[in-house]
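Peer 1: The following file, my_file.txt, comprises compact mmCIF, C-alpha atoms:
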```txt
# COMPACT_ATOMS: atom_id res chain seq x y z
CA MET A 1 0.00 0.00 0.00
CA GLN A 2 2.85 2.38 0.85
CA TYR A 3 4.41 1.83 -2.59
CA PHE A 4 1.05 2.35 -4.33
CA ILE A 5 0.33 5.64 -2.50
CA ASN A 6 3.86 6.96 -3.03
CA LYS A 7 3.56 6.16 -6.72
CA ILE A 8 0.28 8.06 -6.99
CA LEU A 9 1.77 11.04 -5.12
CA TRP A 10 4.78 10.93 -7.44
CA TRP A 11 2.53 11.06 -10.50
CA ILE A 12 0.31 13.86 -9.20
CA LYS A 13 3.08 15.97 -7.66
CA TRP A 14 3.53 18.46 -10.49
CA PRO A 15 -0.12 18.42 -11.59
CA MET A 16 -0.99 19.35 -7.99
CA GLY A 17 1.65 22.07 -8.04
CA PHE A 18 0.26 23.63 -11.20
CA LEU A 19 -3.31 23.21 -9.93
CA MET A 20 -2.41 25.19 -6.82
CA LEU A 21 -0.78 27.80 -9.04
CA LEU A 22 -4.00 28.00 -11.04
CA CYS A 23 -6.03 28.30 -7.82
CA LEU A 24 -3.85 31.09 -6.44
CA TYR A 25 -5.82 34.08 -7.75
CA PRO A 26 -9.31 32.52 -7.44
CA ALA A 27 -8.61 31.40 -3.85
CA LEU A 28 -7.31 34.84 -2.89
CA ARG A 29 -10.37 36.47 -4.44
CA ILE A 30 -12.76 34.11 -2.64
CA ASP A 31 -11.00 34.48 0.72
CA LEU A 32 -11.18 38.27 0.59
CA LEU A 33 -14.80 38.16 -0.56
CA LEU A 34 -15.89 35.74 2.16
CA ILE A 35 -14.09 37.70 4.88
CA SER A 36 -15.54 41.03 3.76
CA GLN A 37 -19.09 39.69 3.48
CA ASN A 38 -19.28 37.40 6.51
CA THR A 39 -17.23 39.01 9.27
CA THR A 40 -19.81 39.80 11.94
CA SER A 41 -19.13 41.53 15.26
CA PHE A 42 -19.47 38.16 17.01
CA LEU A 43 -16.93 36.53 14.70
CA LEU A 44 -14.56 39.46 15.04
CA VAL A 45 -14.64 39.43 18.85
CA TRP A 46 -14.63 35.71 19.55
CA PHE A 47 -12.59 34.43 16.58
CA GLY A 48 -10.74 37.33 14.98
CA LEU A 49 -9.28 39.07 18.03
CA PRO A 50 -7.84 35.86 19.58
CA LEU A 51 -6.35 35.04 16.18
CA ILE A 52 -4.69 38.46 15.88
CA ALA A 53 -3.52 38.40 19.51
CA THR A 54 -1.84 35.02 19.01
CA VAL A 55 -0.08 36.22 15.87
CA LEU A 56 1.21 39.33 17.67
CA ILE A 57 2.41 37.36 20.70
CA PHE A 58 4.43 34.97 18.55
CA LEU A 59 5.64 37.84 16.39
CA PHE A 60 7.01 39.86 19.31
CA ILE A 61 8.26 36.78 21.19
CA PRO A 62 9.81 34.76 18.33
CA THR A 63 11.41 32.30 20.75
CA LEU A 64 7.94 30.80 21.20
CA SER A 65 8.22 29.32 17.70
CA GLY A 66 11.13 27.26 19.01
CA SER A 67 9.27 26.08 22.09
CA PHE A 68 8.89 22.39 22.85
CA LEU A 69 5.16 22.47 22.03
CA ALA A 70 5.62 24.28 18.71
CA ILE A 71 8.37 21.91 17.55
CA THR A 72 6.33 18.91 18.68
CA GLU A 73 3.32 20.09 16.65
CA HIS A 74 5.53 20.41 13.56
CA GLU A 75 6.98 16.92 13.92
CA VAL A 76 3.62 15.37 14.82
CA THR A 77 2.20 16.77 11.58
CA HIS A 78 5.00 15.00 9.68
CA LEU A 79 4.11 11.87 11.66
CA LEU A 80 0.39 12.17 10.92
CA PHE A 81 0.93 12.32 7.16
CA ALA A 82 3.49 9.53 7.35
CA LEU A 83 0.82 7.34 8.95
CA LEU A 84 -1.80 8.45 6.42
CA THR A 85 0.49 7.34 3.60
CA PHE A 86 1.27 4.03 5.36
CA HIS A 87 4.81 4.80 6.53
CA LYS A 88 5.69 3.12 9.81
CA PRO A 89 7.21 5.62 12.30
CA HIS A 90 10.74 4.95 13.49
CA ASN A 91 11.74 7.82 15.75
CA LEU A 92 10.59 11.27 16.87
CA GLU A 93 12.91 13.63 18.72
CA VAL A 94 12.26 17.19 19.89
CA PHE A 95 14.90 19.57 21.22
CA GLN A 96 13.86 22.75 23.03
CA GLY A 97 14.88 25.76 20.94
CA LYS A 98 16.83 23.63 18.47
CA GLY A 99 14.25 21.84 16.39
CA GLY A 100 13.14 18.26 15.98
CA TYR A 101 13.38 15.21 13.82
CA MET A 102 10.91 12.54 12.78
CA SER A 103 12.01 9.41 10.93
CA PHE A 104 10.02 6.56 9.43
CA TYR A 105 10.49 3.39 7.43
CA GLY A 106 10.11 3.83 3.69
CA PRO A 107 11.10 6.37 1.04
CA GLY A 108 8.66 9.08 2.10
CA ASN A 109 6.96 11.56 -0.20
CA TRP A 110 6.45 15.28 -0.75
CA LEU A 111 3.15 15.28 1.16
CA ILE A 112 4.85 14.16 4.37
CA THR A 113 7.62 16.70 3.85
CA LEU A 114 5.41 19.75 3.28
CA ALA A 115 2.45 18.87 5.52
CA PRO A 116 3.43 21.14 8.47
CA TYR A 117 3.49 24.16 6.17
CA PHE A 118 -0.17 23.94 5.20
CA PHE A 119 -2.00 21.56 7.54
CA PRO A 120 -3.16 23.19 10.83
CA THR A 121 -2.91 20.23 13.20
CA PHE A 122 -3.93 22.04 16.41
CA ALA A 123 -6.79 23.85 14.69
CA PHE A 124 -7.99 20.56 13.17
CA VAL A 125 -8.04 18.93 16.62
CA VAL A 126 -10.19 21.81 17.90
CA MET A 127 -12.50 21.34 14.91
CA LEU A 128 -12.95 17.67 15.80
CA PHE A 129 -14.19 18.67 19.27
CA SER A 130 -17.19 20.32 17.59
CA ILE A 131 -18.34 16.84 16.56
CA VAL A 132 -18.58 15.87 20.23
CA TYR A 133 -20.82 18.87 20.89
CA LYS A 134 -22.96 17.97 17.88
CA ILE A 135 -23.38 14.37 19.07
CA THR A 136 -24.37 15.49 22.56
CA GLY A 137 -26.70 18.12 21.15
CA GLU A 138 -25.02 20.93 23.05
CA VAL A 139 -24.35 24.38 21.59
CA LEU A 140 -20.71 25.33 21.09
CA PRO A 141 -19.69 27.90 23.74
CA ASN A 142 -18.29 31.23 22.62
CA LEU A 143 -14.95 30.29 24.16
CA TYR A 144 -14.67 27.45 21.62
CA TRP A 145 -14.36 29.96 18.79
CA SER A 146 -11.70 31.87 20.71
CA VAL A 147 -9.62 28.71 21.12
CA PHE A 148 -10.15 27.93 17.44
CA GLY A 149 -9.06 31.47 16.50
CA MET A 150 -5.94 31.09 18.64
CA MET A 151 -5.03 27.82 16.92
CA VAL A 152 -5.56 29.33 13.46
CA GLY A 153 -3.42 32.32 14.46
CA TYR A 154 -0.77 29.98 15.84
CA HIS A 155 -0.66 28.02 12.59
CA LEU A 156 -0.41 31.22 10.56
CA ILE A 157 2.49 32.78 12.44
CA SER A 158 4.36 29.52 13.10
CA THR A 159 4.26 28.71 9.40
CA VAL A 160 5.54 32.17 8.50
CA LEU A 161 8.41 31.88 11.00
CA GLU A 162 9.33 28.42 9.69
CA ILE A 163 9.64 29.56 6.07
CA HIS A 164 13.21 30.43 5.12
CA PRO A 165 15.64 29.48 2.31
CA LYS A 166 17.61 27.08 4.55
CA GLN A 167 14.55 25.01 5.43
CA THR A 168 15.62 21.42 4.73
CA ASP A 169 12.02 20.31 4.08
CA PHE A 170 11.83 22.68 1.11
CA LYS A 171 15.07 21.35 -0.30
CA GLN A 172 13.81 17.79 0.04
CA ALA A 173 10.47 18.52 -1.66
CA GLY A 174 12.15 20.76 -4.26
CA TYR A 175 12.31 24.54 -4.06
CA LEU A 176 10.39 25.12 -7.29
CA PHE A 177 7.57 22.77 -6.35
CA THR A 178 7.39 24.23 -2.85
CA LEU A 179 7.18 27.73 -4.31
CA ILE A 180 4.26 26.97 -6.60
CA PHE A 181 2.40 24.59 -4.27
CA LEU A 182 2.39 26.22 -0.83
CA PRO A 183 0.85 29.65 -1.57
CA GLY A 184 -2.24 28.23 -3.28
CA ILE A 185 -2.87 25.40 -0.83
CA ASN A 186 -2.49 27.78 2.13
CA LEU A 187 -5.01 30.23 0.71
CA ILE A 188 -7.45 27.34 0.31
CA VAL A 189 -6.78 26.04 3.83
CA TYR A 190 -7.31 29.46 5.42
CA GLY A 191 -10.43 29.94 3.37
CA LEU A 192 -11.74 26.62 4.68
CA LEU A 193 -10.84 27.55 8.27
CA PHE A 194 -12.71 30.84 7.99
CA SER A 195 -15.68 29.09 6.37
CA PHE A 196 -15.74 26.65 9.28
CA ALA A 197 -15.81 29.58 11.70
CA VAL A 198 -18.84 30.99 9.84
CA TRP A 199 -20.86 27.90 8.87
CA GLY A 200 -19.30 24.96 10.69
CA TRP A 201 -18.53 21.81 8.69
CA GLY A 202 -21.03 22.92 6.06
CA GLY A 203 -18.63 25.75 5.28
CA PHE A 204 -16.42 23.29 3.41
CA GLU A 205 -19.15 22.74 0.81
CA VAL A 206 -19.78 26.48 0.59
CA TYR A 207 -16.10 27.24 0.07
CA PHE A 208 -15.44 24.54 -2.51
CA SER A 209 -18.52 25.50 -4.51
CA HIS A 210 -17.17 29.07 -4.70
CA LEU A 211 -13.66 27.83 -5.51
CA ILE A 212 -14.74 25.53 -8.33
CA ARG A 213 -16.84 28.31 -9.87
CA GLU A 214 -14.01 30.86 -9.62
CA VAL A 215 -11.34 28.50 -10.97
CA SER A 216 -13.62 27.56 -13.86
CA ALA A 217 -14.22 31.21 -14.72
CA PHE A 218 -10.53 32.07 -14.33
CA THR A 219 -9.49 29.14 -16.54
CA HIS A 220 -12.04 30.18 -19.17
CA THR A 221 -10.58 33.72 -19.15
CA LEU A 222 -7.04 32.41 -19.55
CA LEU A 223 -8.04 30.17 -22.47
CA LYS A 224 -9.75 33.08 -24.22
```
Rewrite the structure of this file - the entire thing - as structure tokens.
Peer 2:
Amino acid sequence: MQYFINKILWWIKWPMGFLMLLCLYPALRIDLLLISQNTTSFLLVWFGLPLIATVLIFLFIPTLSGSFLAITEHEVTHLLFALLTFHKPHNLEVFQGKGGYMSFYGPGNWLITLAPYFFPTFAFVVMLFSIVYKITGEVLPNLYWSVFGMMVGYHLISTVLEIHPKQTDFKQAGYLFTLIFLPGINLIVYGLLFSFAVWGWGGFEVYFSHLIREVSAFTHTLLK
């Protein structure tokens, strides 16, 4: 199974890169449109302000990005995508202020390598908690959206601080592919996160319907 998945990822690597390049402008347009049209006072206070506060805290205290928890989250994201692509973990080491390392059995793939730079692990865990509330029939407390905003803000600033030319993950995945893949996929991810904050899980359908329509129109314009 590992070989089969790695082969598929190898074949779709550059098509995915160019697809994200194609989605870059439409995703940016949709994100700005959704934010401008759906940012209510409630969303701003309970989601937006915690997000901004988290970004500012990490920005003015950059050592936080090298904290044990931040490094662990980065390596765990590598681990998560290694497991999803059927790679057996071998070792995970985290060093306070120095970085971490996660190894696994098998050749690996670009998805494992770049996962921490677009997948918001902490925010996704918070999203999963909403399912528990839905099952129990309870309404999500306002504080939930603040925690979610903090995790989205954390992912945003930690990703920014981790991006630099000497990043070994980028070298492993290929600098050109990284350059054309990450901007588009991140715009889509943040659009999905905002849509979740507005409509819950149904926001995914809303966002993708907008994205497909915008990409189709943009492609049609390019072909003309």
Peer 1: Rounded to one decimal in Å, what is the spacing between atom CA of A:Thr136 and atom CA of A:Leu192?
Peer 2: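 These two atoms are separated by 24.6 Å.
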Peer 1: Report, in Å to a single decimal, how far apart atom CA of A:His155 and atom CA of A:Leu179 are.
Peer 2: 18.6 Å
Peer 1: Restricting the calculation to only C-alpha atoms, which member of A:Phe118, A:Phe204, A:Phe60, A:Phe47 is positioned closest to A:Gly184?
Peer 2: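 Smallest separation from A:Gly184 among the options: A:Phe118.
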Peer 1: Report the distance between atom CA of A:Phe122 and atom CA of A:Tyr190 in Å, rounded to one decimal place.
Peer 2: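 Value for the atom CA of A:Phe122-atom CA of A:Tyr190 distance: 13.7 Å.
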Peer 1: Once 8 Å is added on each side, what centre and edge lengths in Å to one decimal does the axis-aligned box around all listed atoms of stretch 5-17 of chain A have, as lines of an AutoDock Vina configuration file?
Peer 2:
```
center_x = 1.9
center_y = 13.9
center_z = -7.0
size_x = 21.8
size_y = 32.4
size_z = 25.1
```
Peer 1: If you count all atoms listed in the file, which residues fall within 12 Å of A:Thr219, apart from same-chain ones fewer than 2 positions away, as a PyMOL selection string?
Peer 2: chain A and resi 19+21-26+211-217+221-224
Peer 1: With distances taken over only C-alpha atoms, which of A:Thr113, A:Ile35, A:Ile71, A:Ala82 is nearest to A:Gly174?
Peer 2: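 Closest to A:Gly174 of all the choices is A:Thr113.
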Peer 1: Given the choices A:Asn6, A:Ser41, A:Ser146, A:Thr159, which gets closest to A:Leu111 if the distance is worked out from all atoms listed in the file?
Peer 2: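 Result for the nearest residue to A:Leu111: A:Asn6.
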Peer 1: Which of these residues is nearest to A:Leu80, using all atoms listed in the file: A:Val198, A:Val55, A:Leu49, A:Leu114?
Peer 2: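 Closest residue, counting all atoms listed in the file: A:Leu114.
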Peer 1: For A:Val189, please output as a PyMOL selection string all residues within 10 Å (counting only C-alpha atoms; exclusion window: fewer than 5 positions along the same chain).
Peer 2: chain A and resi 27+31+118-120+184+194-195
